[in-house]
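In what follows, a single structure is set out as structure tokens and then discussed.
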Number of protein chains: 6
Amino acid sequence: MNEFDEGGMSVVREYSDRINTGIERLDELLSGGLPQNSITLVSGTPGSGKTIMCFHYIAEGLKNGEKCLFLTSDERIDSITNQARGLGFDFQPAIDSGQLKFMYLDLEQNNIHKEMEREIKEGDYRRVALDSLAPVAEVPVWVSGIHEIIPSQRSEMIKERPTGSIPATRVHIRRILSILNKKNCTSMITSEVPEGSRSLSRDTISEFLVDGILLLDLDMTMDRRKLTIRKMRATKHTLKPHDIAITEGGIQFL
Amino acid sequence: MNEFDEGGMSVVREYSDRINTGIERLDELLSGGLPQNSITLVSGTPGSGKTIMCFHYIAEGLKNGEKCLFLTSDERIDSITNQARGLGFDFQPAIDSGQLKFMYLDLEQNNIHKEMEREIKEGDYRRVALDSLAPVAEVPVWVSGIHEIIPSQRSEMIKERPTGSIPATRVHIRRILSILNKKNCTSMITSEVPEGSRSLSRDTISEFLVDGILLLDLDMTMDRRKLTIRKMRATKHTLKPHDIAITEGGIQFL
Amino acid sequence: MNEFDEGGMSVVREYSDRINTGIERLDELLSGGLPQNSITLVSGTPGSGKTIMCFHYIAEGLKNGEKCLFLTSDERIDSITNQARGLGFDFQPAIDSGQLKFMYLDLEQNNIHKEMEREIKEGDYRRVALDSLAPVAEVPVWVSGIHEIIPSQRSEMIKERPTGSIPATRVHIRRILSILNKKNCTSMITSEVPEGSRSLSRDTISEFLVDGILLLDLDMTMDRRKLTIRKMRATKHTLKPHDIAITEGGIQFL
Amino acid sequence: MNEFDEGGMSVVREYSDRINTGIERLDELLSGGLPQNSITLVSGTPGSGKTIMCFHYIAEGLKNGEKCLFLTSDERIDSITNQARGLGFDFQPAIDSGQLKFMYLDLEQNNIHKEMEREIKEGDYRRVALDSLAPVAEVPVWVSGIHEIIPSQRSEMIKERPTGSIPATRVHIRRILSILNKKNCTSMITSEVPEGSRSLSRDTISEFLVDGILLLDLDMTMDRRKLTIRKMRATKHTLKPHDIAITEGGIQFL
Amino acid sequence: MNEFDEGGMSVVREYSDRINTGIERLDELLSGGLPQNSITLVSGTPGSGKTIMCFHYIAEGLKNGEKCLFLTSDERIDSITNQARGLGFDFQPAIDSGQLKFMYLDLEQNNIHKEMEREIKEGDYRRVALDSLAPVAEVPVWVSGIHEIIPSQRSEMIKERPTGSIPATRVHIRRILSILNKKNCTSMITSEVPEGSRSLSRDTISEFLVDGILLLDLDMTMDRRKLTIRKMRATKHTLKPHDIAITEGGIQFL
Amino acid sequence: MNEFDEGGMSVVREYSDRINTGIERLDELLSGGLPQNSITLVSGTPGSGKTIMCFHYIAEGLKNGEKCLFLTSDERIDSITNQARGLGFDFQPAIDSGQLKFMYLDLEQNNIHKEMEREIKEGDYRRVALDSLAPVAEVPVWVSGIHEIIPSQRSEMIKERPTGSIPATRVHIRRILSILNKKNCTSMITSEVPEGSRSLSRDTISEFLVDGILLLDLDMTMDRRKLTIRKMRATKHTLKPHDIAITEGGIQFL
């Protein structure tokens with residue numbers, strides 16, 4: 001990145017400024033961290049450490065005094081913060097002080113996009129973690145209220161819904177990313193990769209729309225975990241998988 | 001887990017307390033057992049030992065004096081208890097005393113969610129086994145009564161049903177898990193993996209929503225069975241498959 | 001199975017009593033035979049010997065003086081009995097004396113479930129063979145008469161039919177199994193596995209609902225046939241495939 | 001087949017009598033030929049020799065003075081007889097004398113089932129070749145006239161048609177086989193296997209409904225053709241693939 | 001082909017006469033060329049040389065003084081003739097003299113079948129190349145005008161269209177082939193094989209309806225191209241892939 | 001290309017003139033560059049360097065004084081130009097002078113085809129980059145306004161839409177290519193290949209409609225990137241993959 005023009009334009013500075021991930025060795029591999037104002041997808045199968053990667057990312061932000069937002073579709077916020085605590089990340093003080101907010105996205109309500117948008121606009125966050133993208137992206141967006149599990153009068157509307165069609169998915173994911181993509185805000189979002197699939201997300205589209213992709217892998221036979229920088233805009237990086245471990249202190253490079 | 005703060009907060013204690021699985025070696029591999037209040041998915045192909053794993057789990061609870069619930073969509077409860085008896089688990093005394101309840105989930109009725117919910121809320125159970133999740137998760141939930149196998153007047157309603165669409169499945173599984181997730185209750189649920197599939201459940205979603213995954217495997221050529229801890233929140237564990245056998249006493253580590 | 005309590009309970013006796021398969025070596029591998037009152041799936045590709053396995057099973061029952069039922073959706077009953085005769089199984093005397101009944105399930109009629117149920121209820125059979133499950137399980141059950149190959153006025157009803165949806169299939173197979181599962185009756189049912197598939201049935205569900213699975217395999221390159229006990233409730237068994245041959249006397253272990 | 005009872009019953013004689021295939025070595029491998037009154041599926045990818053196998057079969061019948069029927073959905077009958085002639089099978093004399101009939105099944109007419117049935121019933125044929133089953137089996141049978149390639153007023157009926165659903169396919173194939181299955185008549189039918197598929201027919205069902213399966217294979221790398229007896233009722237046979245060649249005289253074993 | 005009866009019948013002469021492909025070595029491998037009056041499918045992935053094969057075929061016809069037709073759904077006829085010219089095939093003189101016609105099939109018009117038919121009927125062509133079959137075969141044929149990319153009032157008609165159903169495809173392809181199959185006319189048609197597929201056409205049906213199949217392959221690792229005669233009626237041929245190159249003079253055998 | 005007739009015809013000159021790609025070694029491999037007036041598809045998985053290839057292509061055009069257009073469905077134009085700047089491509093001067101235009105294609109508007117067409121017609125561009133084709137090709141074209149993510153009254157129209165059907169896709173892609181294919185204009189378009197797929201585009205059709213295909217590959221295990229010329233009309237080329245790197249100066253051959 002030597003030739004990089006660090007001259008006058010603030011736009012350029014956006015990308016040249018790096019946001020630490022909270023994992024020192026990973027920051028080194030990324031020429032200092034994630035590009036500022038970028039969106040990075042963390043892809044992996046169940047149990048590969050995607051949520052823990054978000055913990056590191058948020059904890060690093062808190063250490064730097066940044067305002068942070070953790071978006072989740074899991075209503076058991078206590079369970080998440082406990083899990084973090086077990087890994088050495090005590091988020092309670094920051095939650096209490098207002099530096100960190102855990103926001104529950106209730107998939108059965110049909111205003112989560114507006115809520116996310118308002119929170120991010122008004123909250124002046126520097127870091128956002130969305131764990132995970134999949135349930136939000138799956139929400140059918142043009143028919144309100146269909147998630148209700150109780151039989152409803154709206155059921156005839158369901159047949160109009162071309163569920164899972166790629167164009168609708170792309171437009172939807174683009175919208176979600178555009179909500180995250182506020183000035184001075186850098187995001188990490190997790191993606192569900194079903195075991196046995198080689199794709200980088202359940203929707204196979206979001207990986208083409210983000211600025212970076214970190215891939216977490218499990219090798220059961222060898223009892224090894226790997227992290228690969230699959231893509232990172234404006235960053236020269238190796239494609240080689242790196243051995244990692246998940247320990248009492250979270251993700252560690254071996 | 002040494003750094004784990006065992007101080008004042010009761011929330012933390014939730015996860016630090018461990019629930020024995022009834023298989024000693026497995027408990028050791030899990031730093032003492034399943035996290036209290038967690039939900040663990042037991043995944044495997046037919047004949048891999050998923051139901052037997054539940055027997056161990058329930059039997060251990062009974063030994064500890066805990067109240068236990070066994071949810072099943074198999075109406076032949078006698079056949080299940082006989083199978084357990086053949087493996088050395090005599091559940092009859094506990095059933096007679098009321099410490100253990102076998103509850104049949106009749107898929108052709110459309111109130112199984114409410115029945116499950118009421119039973120778990122009112123029953124004050126410490127352990128729940130749901131064997132298996134697949135038929136319950138497949139129940140179409142917003143149209144009542146469609147399971148009737150006898151031709152019915154409701155047949156026009158069927159076309160509204162976007163059966164098997166991923167968003168509906170996710171919302172439904174989330175609901176089922178939320179029913180199981182009562183205070184002081186720890187659950188084990190089994191999942192059907194069709195032979196030849198590498199996925200961890202038939203729906204490919206539930207594995208992303210649970211706290212832990214135990215994978216049971218068959219290797220016919222080698223005449224071997226394996227158990228792998230695929231994921232366990234708040235627990236440091238190996239990913240290595242462990243050789244097991246199914247004997248007169250149930251699952252045994254080799 | 002040494003610890004097995006053979007005490008007072010008749011329910012226990014159900015499973016501890018074994019039903020010979022008619023193939024001596026297989027009975028040995030199954031600790032004496034199939035569990036009484038159980039349902040065993042015989043899975044295999046075309047030409048793997050599934051029907052011949054049923055012949056052994058029925059012939060053994062006849063030898064023991066048991067009443068037997070052979071359910072088939074092939075209307076050419078003569079062709080089946082001739083095939084059996086060519087393998088050394090002469091069913092004619094038993095048919096004549098009423099000890100064995102061949103019952104043709106006409107898929108184009110819409111009362112086959114009721115007919116099966118009545119026959120099994122009233123017939124007091126000890127052994128039932130259903131060869132094969134696939135065509136019966138595929139019958140759409142809530143719309144009557146759609147099988148008619150002659151254009152019909154009922155054709156508008158076809159669109160309501162969510163053919164092949166998993167929940168409908170599961171409920172249907174459960175019903176069929178429950179018809180077979182009468183007291184004192186032990187069943188063997190065959191399942192169609194398309195060449196090149198690793199699944200254990202065409203529907204991928206029935207293998208999770210039965211008590212046992214016997215898998216028949218062909219290895220063309222090696223000119224070998226194999227039988228594997230894939231699952232058997234209440235029975236300790238090896239998973240190892242066994243070499244078999246199909247000879248003038250039917251299935252023989254090598 | 002030594003133990004085979006050759007006593008009084010004519011039904012038994014049906015299967016014990018063998019119908020020569022016209023390929024000497026194949027007849028030897030089949031204990032004398034195809035079982036009389038049986039239906040054999042000839043499966044293979046394009047160019048594997050399925051039609052040539054039918055030529056042998058029909059030519060052998062003509063040599064034996066049997067009446068033969070060749071059913072085809074290819075309207076260019078001349079092209080077929082020319083192809084046969086190039087391989088040494090001169091069918092013209094038999095066509096002229098009425099011993100052999102080539103019958104064109106026009107898929108765009110909706111009475112081909114009735115025509116086939118009447119021809120086979122009235123024609124007193126000993127051998128029938130159907131080349132191939134696939135287009136006939138694909139004809140949607142409950143809506144008349146939909147094949148018309150010219151826009152039609154019946155088009156609204158098309159949406160009711162659950163094209164390709166397995167139950168409809170099975171019932172349909174069963175009907176076609178039952179038309180072929182007349183007394184004293186033995187049939188050979190060809191099946192389309194798309195390149196790269198391991199299935200034995202395009203529909204994956206017909207192979208479970210026939211009495212025998214002959215599989216024709218191509219190995220391009222080795223420039224070899226193979227014939228495998230995949231299944232043959234009432235016949236002890238090897239599963240080993242046999243090397244064959246297609247020469248000026250048709251199929252030859254190497 | 002020695003035994004081939006070259007006696008009186010003109011029908012036989014049809015197939016015994018051979019049509020040169022324009023590639024000398026290929027003609028030798030085909031016993032002189034394509035059978036007269038036949039239809040040959042040229043299958044291959046993108047960039048495998050299918051169009052160039054057609055150039056050879058048409059150029060050879062022009063050299064022999066035959067009238068030739070090149071059907072294409074690419075409106076840039078100039079671009080095609082330029083590509084040919086770059087490979088040493090100068091079609092302009094023949095176009096100018098009327099010996100060769102390039103005909104653009106406009107997929108968005110709904111009379112291409114009639115236009116093709118009239119041209120072939122009236123044009124008295126000896127050789128036809130159709131490059132490629134796929135877009136023509138995909139045209140939905142029973143609803144006129146649906147290709148319009150501009151929103152249309154006919155849009156409700158679209159739902160009646162069982163796009164891509166196999167029976168419709170087969171009937172359609174059969175029609176196209178029957179249009180090509182005029183007396184004294186021999187055709188070469190190209191087929192699209194998506195990269196990574198082992199099928200011989202996108203529709204997986206046309207390969208069963210044609211008289212011959214030439215398969216073009218790319219081996220990127222070895223930087224090699226291959227041509228395989230996969231099937232050719234009335235012709236003894238090897239199945240072995242042949243190494244070819246695409247040079248300034250078109251396809252060359254190595 | 002020695003025999004190439006460079007005589008009088010301007011049409012021929014079209015193809016004989018070469019357009020440099022901006023990567024010297026690639027131009028050599030392409031006999032000087034892309035054929036003038038052609039459309040080249042750049043295929044690759046996420047992070048394979050498709051956008052960077054476009055940067056080279058546009059930068060080379062600017063160096064030659066050509067008017068250039070960069071079409072993108074990413075609204076963050078600043079982010080794209082920043083990414084380019086980080087790789088040594090400073091597009092700002094050309095944007096300011098009007099030599100280069102970045103045009104945002106807003107997928108949620110339904111006039112992007114008309115806008116593209118007008119811009120290309122009126123702009124007199126010599127080079128166009130479309131990054132990427134996939135979102136544009138996915139836009140359903142015959143129903144206006146359906147992209148709106150806000151529930152709309154037009155929702156009943158959605159069910160008429162045979163989303164993703166191949167005929168519609170082909171006609172659509174053909175239209176887009178025809179818009180790009182203006183006189184004197186040479187285009188590079190990128191295509192999304194989902195990880196784990198071997199196809200050359202998401203739609204599996206566009207690769208058959210373009211003049212050239214450049215394939216970008218990642219080999220994570222070996223930490224290597226590769227570029228393969230998969231197809232290029234009117235150009236003799238190797239099929240061998242070439243090792244490349246993505247450095248501070250963009251794509252470099254190793």
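Simple scheme: letters A, B, ... for chains in structure tokens order, numbers from 1 for residues in each chain, numbers from 1 for ligands in the order shown.
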Checklist line | Contacts of B:His113 at 10 Å (only C-alpha atoms; same-chain gap of 2+ positions) as number ranges by chain | finding: B: 105, 109-111, 115-119, 136, 139, 141, 175-176, 179
What would the file look like if the residues just selected were written as a PDB file, in the first residue's frame with C-alpha atoms?
```
ATOM      1  CA  LEU B 105     -47.020 -35.080  20.577  1.00  0.00           C
ATOM      2  CA  GLN B 109     -53.650 -32.405  16.251  1.00  0.00           C
ATOM      3  CA  ASN B 110     -53.024 -28.714  15.903  1.00  0.00           C
ATOM      4  CA  ASN B 111     -52.428 -27.727  19.468  1.00  0.00           C
ATOM      5  CA  GLU B 115     -49.638 -28.415  24.998  1.00  0.00           C
ATOM      6  CA  MET B 116     -45.843 -28.472  25.059  1.00  0.00           C
ATOM      7  CA  GLU B 117     -45.726 -24.937  26.347  1.00  0.00           C
ATOM      8  CA  ARG B 118     -48.246 -25.527  29.135  1.00  0.00           C
ATOM      9  CA  GLU B 119     -46.576 -28.770  30.215  1.00  0.00           C
ATOM     10  CA  VAL B 136     -42.572 -30.997  15.128  1.00  0.00           C
ATOM     11  CA  VAL B 139     -45.879 -29.153  11.216  1.00  0.00           C
ATOM     12  CA  VAL B 141     -48.367 -23.948  11.879  1.00  0.00           C
ATOM     13  CA  ARG B 175     -40.630 -20.722  18.745  1.00  0.00           C
ATOM     14  CA  ILE B 176     -40.122 -24.357  19.657  1.00  0.00           C
ATOM     15  CA  ILE B 179     -40.805 -23.009  24.561  1.00  0.00           C
TER      16      ILE B 179
END
```
Checklist line | Residue contacts of stretch 197-201 of chain F (6 Å, only C-alpha atoms) excluding same-chain residues fewer than 4 positions away, as a list of chain:residue names | finding: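 Result of the neighbour search: E:Glu195, E:Gly196, F:Ser43, F:Ser191, F:Glu192, F:Val193.
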Next item on the list: Tell me, as a PyMOL selection string, which residues lie within 12 Å of D:Ala245, counting only C-alpha atoms; anything in the same chain fewer than 3 positions away does not count.
Entry: (chain D and resi 48-49+52-53+216-219+223-227+242+248-254) or (chain E and resi 236-239)
Notebook entry, point to check: Do you have the atom CA of C:Asp131-atom CA of C:Gly47 distance handy?
Noted result: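 Spanning atom CA of C:Asp131 to atom CA of C:Gly47 is a straight-line distance of 13.3 Å.
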Near B:Glu66, within 10 Å and counting only C-alpha atoms, which residues show up once chain neighbours fewer than 5 positions away are dropped, as a short mmCIF file (atom, residue, chain, number, x, y, z; two decimals) with N, CA, C and O atoms, in the first residue's frame?
```
data_model
loop_
_atom_site.label_atom_id
_atom_site.label_comp_id
_atom_site.auth_asym_id
_atom_site.auth_seq_id
_atom_site.Cartn_x
_atom_site.Cartn_y
_atom_site.Cartn_z
N ILE B 58 -31.84 -38.51 30.38
CA ILE B 58 -32.99 -38.55 31.29
C ILE B 58 -32.66 -39.39 32.54
O ILE B 58 -32.97 -38.99 33.68
N ALA B 59 -32.02 -40.54 32.33
CA ALA B 59 -31.70 -41.42 33.46
C ALA B 59 -30.82 -40.69 34.47
O ALA B 59 -30.99 -40.84 35.70
N GLU B 60 -29.84 -39.90 33.96
CA GLU B 60 -28.96 -39.15 34.84
C GLU B 60 -29.77 -38.15 35.68
O GLU B 60 -29.53 -37.98 36.88
N GLY B 61 -30.73 -37.51 35.03
CA GLY B 61 -31.57 -36.56 35.74
C GLY B 61 -32.35 -37.25 36.86
O GLY B 61 -32.44 -36.74 37.99
N GLN B 99 -41.99 -38.53 38.64
CA GLN B 99 -40.75 -37.79 38.44
C GLN B 99 -40.45 -37.63 36.94
O GLN B 99 -39.85 -36.66 36.51
N LEU B 100 -40.90 -38.63 36.15
CA LEU B 100 -40.67 -38.61 34.71
C LEU B 100 -42.00 -38.68 33.98
O LEU B 100 -42.88 -39.47 34.35
N ASP B 124 -42.43 -27.64 35.90
CA ASP B 124 -41.21 -27.38 36.66
C ASP B 124 -40.13 -28.44 36.40
O ASP B 124 -39.52 -28.98 37.33
N TYR B 125 -39.90 -28.74 35.11
CA TYR B 125 -38.92 -29.76 34.74
C TYR B 125 -37.51 -29.19 34.75
O TYR B 125 -37.29 -28.03 34.43
N ARG B 126 -36.55 -30.01 35.12
CA ARG B 126 -35.13 -29.63 35.07
C ARG B 126 -34.49 -30.08 33.76
O ARG B 126 -33.57 -29.48 33.27
N ARG B 127 -35.00 -31.20 33.23
CA ARG B 127 -34.47 -31.75 31.98
C ARG B 127 -35.62 -32.08 31.04
O ARG B 127 -36.61 -32.68 31.43
#
```
Notebook entry, point to check: Which is closer to E:Ile95 than all the others in E:Arg76, E:Lys50, E:Lys67, E:Arg174, using only C-alpha atoms?
Noted result: E:Lys67
Checklist line | Atom pair atom CA of B:Thr247 / atom CA of C:Thr235: separation (Å) | finding: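 Distance between the two atoms: 8.8 Å.
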